[in-house]
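Novice: Shown below is the structure under consideration.
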Amino acid sequence: MAECLTFLFYIVYFFFEKIKNVATTPIYATTHFWIVIAFFIYSSGNFFLFLYRNNSIHDESYTIQYTLIYSTFAIVKNILICIGLSIKNKTNEGGQISYPFSNQWEIPDFINPK
């Protein structure tokens with residue numbers, strides 16, 4: 001429960017930092033946006049579920065509802081993460097498409113001169 005609340009705080013802070021910076025591309029066209037939104041929906045949906053769980057732990061109908069709600073938020077989170085990871089970044093000067101997180105594995109210029 002405390003993890004969800006802390007996670008929500010960091011997500012709100014992330015969006016606050018994104019608002020301060022002016023970007024040429026819309027925020028929904030970035031990989032980070034979809035991944036952060038996925039965890040925001042998952043954490044906020046399950047926060048209240050975890051909060052109420054202590055009072056209704058022995059109720060059979062609540063257990064079924066708990067499983068249904070938790071599974072729904074998990075599926076929505078996974079779908080949004082898949083959307084985020086499938087977004088392509090804009091093309092660079094060479095006409096090549098740069099994919100998210102691809103700049104970590106680029107070949108140095110002295111090995112592969114242009």
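Ordering of the structure tokens sets the chain letters (A, B, ...); residue numbers start at 1 within each chain; ligands are numbered from 1 in the order shown.
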Need to verify the contact set: Leu85 of chain A, 9 Å, only C-alpha atoms, exclusion of same-chain residues closer than 2 positions in sequence. Can you return it as a PDB file with C-alpha atoms, in the first residue's frame?
Specialist:
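File produced: around_36.pdb:
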```pdb
ATOM      1  CA  THR A  31       7.634   5.792 -25.034  1.00  0.00           C
ATOM      2  CA  HIS A  32       8.053   7.164 -21.527  1.00  0.00           C
ATOM      3  CA  TRP A  34       2.790   5.300 -22.131  1.00  0.00           C
ATOM      4  CA  ILE A  35       4.902   3.363 -19.661  1.00  0.00           C
ATOM      5  CA  LEU A  80      -0.281   0.243 -22.288  1.00  0.00           C
ATOM      6  CA  ILE A  81       3.307  -0.938 -21.853  1.00  0.00           C
ATOM      7  CA  CYS A  82       3.049  -2.801 -25.169  1.00  0.00           C
ATOM      8  CA  ILE A  83       1.753   0.369 -26.835  1.00  0.00           C
ATOM      9  CA  ILE A  87       6.119   3.493 -30.615  1.00  0.00           C
ATOM     10  CA  LYS A  88       8.865   4.475 -33.039  1.00  0.00           C
ATOM     11  CA  TYR A  99      13.822   3.009 -31.773  1.00  0.00           C
ATOM     12  CA  PRO A 100      13.323   3.633 -28.065  1.00  0.00           C
TER      13      PRO A 100
END
```
Novice: Give me, as a PyMOL selection string, all polymer residues having an atom no more than 12 Å from Ile79 of chain A, counting only C-alpha atoms and skipping those fewer than 6 positions away in the same chain.
Specialist: chain A and resi 34-35+37-39+41-42+72-73+85-86
Novice: Report, in Å with one decimal, the straight-line distance from atom CA of Asp59 of chain A to atom CA of Lys77 of chain A.
Specialist: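 Rounded to one decimal, the two atoms are 26.8 Å apart.
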Novice: Can you list, as a VMD selection string, every protein, DNA or RNA residue that comes within 10 Å of segment 49-55 of chain A when you count only C-alpha atoms, leaving out same-chain residues fewer than 3 positions away?
Specialist: chain A and resid 1 to 2 4 43 to 46 58 to 59 62 to 63 65 to 66 69 to 70
Novice: Selected residues, C-alpha atoms, written as a short mmCIF file (atom, residue, chain, number, x, y, z; two decimals), in the first residue's frame, please.
Specialist:
```
data_model
loop_
_atom_site.label_atom_id
_atom_site.label_comp_id
_atom_site.auth_asym_id
_atom_site.auth_seq_id
_atom_site.Cartn_x
_atom_site.Cartn_y
_atom_site.Cartn_z
CA MET A 1 0.00 0.00 0.00
CA ALA A 2 2.80 2.41 0.85
CA CYS A 4 1.62 2.42 -4.47
CA SER A 43 -0.96 1.90 -8.96
CA SER A 44 -3.93 4.20 -8.52
CA GLY A 45 -6.43 1.45 -9.27
CA ASN A 46 -4.87 -1.02 -6.90
CA HIS A 58 -12.85 -13.05 4.78
CA ASP A 59 -15.74 -12.06 2.49
CA TYR A 62 -15.05 -9.57 -2.15
CA THR A 63 -12.33 -12.10 -3.00
CA GLN A 65 -14.28 -8.92 -7.00
CA TYR A 66 -10.71 -8.35 -5.81
CA ILE A 69 -10.37 -5.76 -10.41
CA TYR A 70 -6.71 -6.63 -9.86
#
```
Novice: What is the atom CA of Val36 of chain A-atom CA of Asn78 of chain A distance in Å, reported with one decimal?
Specialist: 11.7 Å
Novice: Find the residue from A:Phe47, A:Phe9, A:Phe15, A:Phe40 that sits nearest to Val76 of chain A; use only C-alpha atoms when measuring.
Specialist: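 Of A:Phe47, A:Phe9, A:Phe15, A:Phe40, the one nearest Val76 of chain A is A:Phe40, counting only C-alpha atoms.
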Novice: Which value, in Å to one decimal, gives the distance between atom CA of Leu68 of chain A and atom CA of Phe33 of chain A?
Specialist: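 Atom CA of Phe33 of chain A lies at a distance of 26.1 Å from atom CA of Leu68 of chain A.
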Novice: Write out as JSON, numbers by chain all residues of segment 13-94 of chain A that backbone DSSP assigns to alpha helix (DSSP H).
Specialist: {"A": [13, 14, 15, 16, 17, 18, 19, 20, 31, 32, 33, 34, 35, 36, 37, 38, 39, 40, 41, 42, 43, 44, 45, 46, 47, 48, 49, 50, 51, 52, 53, 60, 61, 62, 63, 64, 65, 66, 67, 68, 69, 70, 71, 72, 73, 74, 75, 76, 77, 78, 79, 80, 81, 82, 83, 84, 85, 86]}
